[in-house]
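A.B. asks: Next up, input_8.cif (mmCIF, C-alpha atoms, pLDDT in the B column; chains and numbers go by the auth columns).
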data_run
#
loop_
_atom_site.group_PDB
_atom_site.id
_atom_site.type_symbol
_atom_site.label_atom_id
_atom_site.label_comp_id
_atom_site.label_asym_id
_atom_site.label_seq_id
_atom_site.Cartn_x
_atom_site.Cartn_y
_atom_site.Cartn_z
_atom_site.B_iso_or_equiv
_atom_site.auth_seq_id
_atom_site.auth_asym_id
ATOM 1 C CA MET A 1 83.506 129.815 41.577 47.00 1412 A
ATOM 2 C CA SER A 2 86.426 127.602 42.538 62.00 1413 A
ATOM 3 C CA ASN A 3 86.109 124.016 43.678 90.00 1414 A
ATOM 4 C CA GLN A 4 87.069 122.941 47.168 95.00 1415 A
ATOM 5 C CA TYR A 5 88.946 119.704 47.857 97.00 1416 A
ATOM 6 C CA TYR A 6 89.649 118.107 51.198 97.00 1417 A
ATOM 7 C CA VAL A 7 92.543 115.980 52.403 98.00 1418 A
ATOM 8 C CA TYR A 8 91.477 114.245 55.571 98.00 1419 A
ATOM 9 C CA ILE A 9 92.589 111.774 58.219 98.00 1420 A
ATOM 10 C CA MET A 10 90.170 109.482 60.006 97.00 1421 A
ATOM 11 C CA THR A 11 90.660 106.937 62.757 97.00 1422 A
ATOM 12 C CA ASN A 12 88.771 104.366 64.776 96.00 1423 A
ATOM 13 C CA LYS A 13 87.358 104.619 68.319 94.00 1424 A
ATOM 14 C CA ASN A 14 90.700 103.800 69.973 95.00 1425 A
ATOM 15 C CA ASN A 15 92.820 105.915 67.571 95.00 1426 A
ATOM 16 C CA THR A 16 94.822 102.830 66.598 96.00 1427 A
ATOM 17 C CA VAL A 17 94.315 102.928 62.811 97.00 1428 A
ATOM 18 C CA LEU A 18 94.780 105.966 60.542 98.00 1429 A
ATOM 19 C CA TYR A 19 93.220 106.473 57.116 97.00 1430 A
ATOM 20 C CA THR A 20 94.108 109.343 54.779 97.00 1431 A
ATOM 21 C CA GLY A 21 91.835 110.301 51.893 97.00 1432 A
ATOM 22 C CA VAL A 22 90.876 113.065 49.483 97.00 1433 A
ATOM 23 C CA THR A 23 87.428 114.209 48.344 97.00 1434 A
ATOM 24 C CA ASN A 24 85.521 117.153 46.915 96.00 1435 A
ATOM 25 C CA ASN A 25 82.627 116.681 49.365 95.00 1436 A
ATOM 26 C CA LEU A 26 83.809 115.936 52.882 95.00 1437 A
ATOM 27 C CA GLU A 27 80.397 115.681 54.516 92.00 1438 A
ATOM 28 C CA ARG A 28 79.169 113.163 51.918 93.00 1439 A
ATOM 29 C CA ARG A 29 82.381 111.151 52.115 94.00 1440 A
ATOM 30 C CA LEU A 30 82.248 110.992 55.907 93.00 1441 A
ATOM 31 C CA TYR A 31 78.663 109.816 55.722 92.00 1442 A
ATOM 32 C CA GLU A 32 79.789 107.019 53.387 92.00 1443 A
ATOM 33 C CA HIS A 33 82.601 106.021 55.759 91.00 1444 A
ATOM 34 C CA LYS A 34 80.526 106.215 58.933 90.00 1445 A
ATOM 35 C CA SER A 35 77.598 104.357 57.365 89.00 1446 A
ATOM 36 C CA LYS A 36 79.972 101.704 55.976 90.00 1447 A
ATOM 37 C CA LEU A 37 78.487 102.084 52.502 90.00 1448 A
ATOM 38 C CA ILE A 38 81.728 101.236 50.707 86.00 1449 A
ATOM 39 C CA ASP A 39 83.607 97.990 51.224 89.00 1450 A
ATOM 40 C CA GLY A 40 87.281 98.429 51.973 90.00 1451 A
ATOM 41 C CA PHE A 41 89.779 99.583 54.558 93.00 1452 A
ATOM 42 C CA THR A 42 87.544 101.984 56.479 91.00 1453 A
ATOM 43 C CA LYS A 43 84.735 99.448 56.753 91.00 1454 A
ATOM 44 C CA LYS A 44 87.080 96.627 57.743 93.00 1455 A
ATOM 45 C CA TYR A 45 88.801 98.641 60.494 93.00 1456 A
ATOM 46 C CA ASN A 46 85.716 100.595 61.649 93.00 1457 A
ATOM 47 C CA ILE A 47 87.182 103.983 60.728 94.00 1458 A
ATOM 48 C CA ASN A 48 84.541 106.510 61.743 94.00 1459 A
ATOM 49 C CA LYS A 49 86.170 109.536 63.403 96.00 1460 A
ATOM 50 C CA LEU A 50 87.448 112.590 61.504 97.00 1461 A
ATOM 51 C CA VAL A 51 90.528 113.897 63.319 97.00 1462 A
ATOM 52 C CA PHE A 52 92.138 116.173 60.716 97.00 1463 A
ATOM 53 C CA TYR A 53 91.407 117.865 57.424 97.00 1464 A
ATOM 54 C CA GLU A 54 92.660 120.669 55.264 97.00 1465 A
ATOM 55 C CA THR A 55 91.352 122.306 52.130 96.00 1466 A
ATOM 56 C CA SER A 56 92.739 123.041 48.701 96.00 1467 A
ATOM 57 C CA ASN A 57 91.361 124.754 45.618 96.00 1468 A
ATOM 58 C CA ASP A 58 93.389 122.516 43.300 96.00 1469 A
ATOM 59 C CA ILE A 59 92.675 118.795 42.894 97.00 1470 A
ATOM 60 C CA ASN A 60 96.243 118.015 41.836 97.00 1471 A
ATOM 61 C CA SER A 61 97.624 119.689 44.957 97.00 1472 A
ATOM 62 C CA ALA A 62 95.091 117.845 47.118 98.00 1473 A
ATOM 63 C CA ILE A 63 96.016 114.474 45.603 98.00 1474 A
ATOM 64 C CA ALA A 64 99.727 115.228 45.988 98.00 1475 A
ATOM 65 C CA ARG A 65 99.173 116.169 49.642 98.00 1476 A
ATOM 66 C CA GLU A 66 97.170 112.974 50.243 98.00 1477 A
ATOM 67 C CA LYS A 67 100.014 110.897 48.771 98.00 1478 A
ATOM 68 C CA GLN A 68 102.569 112.846 50.827 98.00 1479 A
ATOM 69 C CA ILE A 69 100.728 112.188 54.087 98.00 1480 A
ATOM 70 C CA GLN A 70 100.130 108.539 53.184 98.00 1481 A
ATOM 71 C CA GLY A 71 103.881 108.143 52.769 98.00 1482 A
ATOM 72 C CA TRP A 72 104.674 109.488 56.230 98.00 1483 A
ATOM 73 C CA LEU A 73 105.460 107.398 59.263 98.00 1484 A
ATOM 74 C CA ARG A 74 102.645 107.151 61.795 97.00 1485 A
ATOM 75 C CA ILE A 75 104.447 109.468 64.252 97.00 1486 A
ATOM 76 C CA LYS A 76 104.519 112.285 61.702 98.00 1487 A
ATOM 77 C CA LYS A 77 100.803 111.838 60.972 98.00 1488 A
ATOM 78 C CA ILE A 78 100.102 111.980 64.709 98.00 1489 A
ATOM 79 C CA GLN A 79 102.081 115.218 64.984 97.00 1490 A
ATOM 80 C CA LEU A 80 100.035 116.746 62.140 97.00 1491 A
ATOM 81 C CA ILE A 81 96.770 115.711 63.802 98.00 1492 A
ATOM 82 C CA GLU A 82 97.796 116.989 67.222 97.00 1493 A
ATOM 83 C CA ILE A 83 98.738 120.452 65.960 96.00 1494 A
ATOM 84 C CA ALA A 84 95.122 121.109 64.999 94.00 1495 A
ATOM 85 C CA ASN A 85 93.319 118.585 67.201 96.00 1496 A
ATOM 86 C CA PRO A 86 95.382 117.707 70.301 96.00 1497 A
ATOM 87 C CA VAL A 87 92.681 115.591 71.969 96.00 1498 A
ATOM 88 C CA TRP A 88 91.608 113.782 68.790 97.00 1499 A
ATOM 89 C CA ASN A 89 87.999 114.980 68.825 95.00 1500 A
ATOM 90 C CA ASP A 90 85.722 113.889 65.996 95.00 1501 A
ATOM 91 C CA LEU A 91 85.689 117.147 64.032 95.00 1502 A
ATOM 92 C CA SER A 92 82.517 116.179 62.193 92.00 1503 A
ATOM 93 C CA GLU A 93 80.557 116.295 65.469 88.00 1504 A
ATOM 94 C CA GLU A 94 81.095 120.059 65.521 76.00 1505 A
ATOM 95 C CA TRP A 95 79.252 120.385 62.197 72.00 1506 A
ATOM 96 C CA GLU A 96 76.039 119.207 63.804 61.00 1507 A
ATOM 97 C CA LYS A 97 76.408 121.872 66.519 61.00 1508 A
ATOM 98 C CA ASP A 98 77.550 124.716 64.263 57.00 1509 A
ATOM 99 C CA SER A 99 75.895 123.579 61.004 52.00 1510 A
ATOM 100 C CA SER A 100 79.086 124.522 59.131 49.00 1511 A
ATOM 101 C CA PRO A 101 82.413 122.667 58.946 51.00 1512 A
ATOM 102 C CA LEU A 102 85.510 123.941 60.683 48.00 1513 A
ATOM 103 C CA ARG A 103 88.003 124.441 57.895 47.00 1514 A
ATOM 104 C CA VAL A 104 91.765 124.173 58.195 45.00 1515 A
ATOM 105 C CA SER A 105 93.348 125.685 55.092 43.00 1516 A
ATOM 106 C CA GLU A 106 96.662 124.914 53.471 40.00 1517 A
#
Just give me the structure of the file as structure tokens.
C.D. replies:
Amino acid sequence: MSNQYYVYIMTNKNNTVLYTGVTNNLERRLYEHKSKLIDGFTKKYNINKLVFYETSNDINSAIAREKQIQGWLRIKKIQLIEIANPVWNDLSEEWEKDSSPLRVSE
């Protein structure tokens, strides 16, 4: 069985701050962000809305993709988000309705 890794972008209520991360358990990581369990950027700027994610089976590729996106200008990140999520919905809210995450693959 192969592992699954997630590169994700989160924002705040007004979509003014973007955060890019990588994890092997997206639901757990979002819970940590939304519950403000970890001090840092997402807690400080109230980052609590998942607006984009993609999957990878290789941790090195996922980390490289995270670094790539982090290096982009904001406008390019916005374009990536709006391809998959044009109205900036919180994608994690769909999990509660469907009980399974919507997955956007590489």
A.B. asks: Counting all atoms listed in the file, figure out which residue out of A:Ser1446, A:Lys1460, A:Glu1438, A:Lys1488 gets nearest to A:Trp1506.
C.D. replies: A:Glu1438
A.B. asks: Which distance in Å separates atom CA of A:Gln1415 and atom CA of A:Asn1435, to one decimal?
C.D. replies: 6.0 Å
A.B. asks: Evaluate the PyMOL selection byres ((chain A and resi 1478) around 12) on the structure here and hand back the selected residues as a PyMOL selection string.
C.D. replies: chain A and resi 1418-1419+1430-1433+1471-1477+1479-1483
A.B. asks: Just how far from atom CA of A:Ile1470 is atom CA of A:Lys1424, in Å to one decimal?
C.D. replies: 29.6 Å
A.B. asks: I need the output of the PyMOL selection byres ((chain A and resi 1414) around 10) for this file as a short mmCIF file (atom, residue, chain, number, x, y, z; two decimals) with C-alpha atoms, in the coordinates of the input; which residues are they?
C.D. replies:
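So part-v7.cif came out as:
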data_model
loop_
_atom_site.label_atom_id
_atom_site.label_comp_id
_atom_site.auth_asym_id
_atom_site.auth_seq_id
_atom_site.Cartn_x
_atom_site.Cartn_y
_atom_site.Cartn_z
CA MET A 1412 83.51 129.82 41.58
CA SER A 1413 86.43 127.60 42.54
CA GLN A 1415 87.07 122.94 47.17
CA TYR A 1416 88.95 119.70 47.86
CA ASN A 1435 85.52 117.15 46.92
CA ASN A 1436 82.63 116.68 49.36
CA SER A 1467 92.74 123.04 48.70
CA ASN A 1468 91.36 124.75 45.62
CA ASP A 1469 93.39 122.52 43.30
CA ILE A 1470 92.68 118.80 42.89
#
A.B. asks: Go through A:Val1428, A:Met1421, A:Phe1463, A:Lys1455 one by one, measure the shortest atom-to-atom distance of each to A:Arg1485 using all atoms listed in the file, and give the residue with the smallest value.
C.D. replies: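 For A:Arg1485, the nearest of the candidates is A:Val1428.
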A.B. asks: One decimal, Å: what's the distance from atom CA of A:Tyr1456 over to atom CA of A:Val1498, could you say?
C.D. replies: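 Those two atoms sit 20.8 Å apart.
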A.B. asks: Given the file shown, determine the residues that the PyMOL selection byres ((chain A and resi 1440-1445) around 9) selects; report them as a list of chain:residue names.
C.D. replies: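 Checked against the file, the PyMOL selection byres ((chain A and resi 1440-1445) around 9) matches A:Thr1434, A:Asn1435, A:Asn1436, A:Leu1437, A:Glu1438, A:Arg1439, A:Ser1446, A:Lys1447, A:Leu1448, A:Ile1449, A:Thr1453, A:Lys1454, A:Asn1457, A:Ile1458, A:Asn1459, A:Lys1460, A:Leu1461, A:Ser1503.
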A.B. asks: Within 9 Å of A:Val1462, counting all atoms listed in the file, which residues qualify if same-chain residues fewer than 6 places away don't, as a list in words?
C.D. replies: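 Within the cut-off, the hits are Tyr1419, Ile1420, Met1421, Thr1422, Ile1492, Glu1493, Ala1495, Asn1496, Trp1499, Asn1500, Asp1501, Leu1502 and Ser1503 of chain A.
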A.B. asks: Report, as JSON, the axis-aligned box around all atoms of stretch 1446-1464 of chain A present in the file, extended by 6 Å on each side; give centre and edge lengths in Å to one decimal place.
C.D. replies:
{"center_x": 84.9, "center_y": 107.2, "center_z": 57.1, "size_x": 26.5, "size_y": 33.2, "size_z": 24.7}
A.B. asks: Restricting the calculation to only C-alpha atoms: of A:Asp1450, A:Tyr1417, A:Leu1429, A:Ile1486, which residue gets closest to A:Thr1466?
C.D. replies: A:Tyr1417
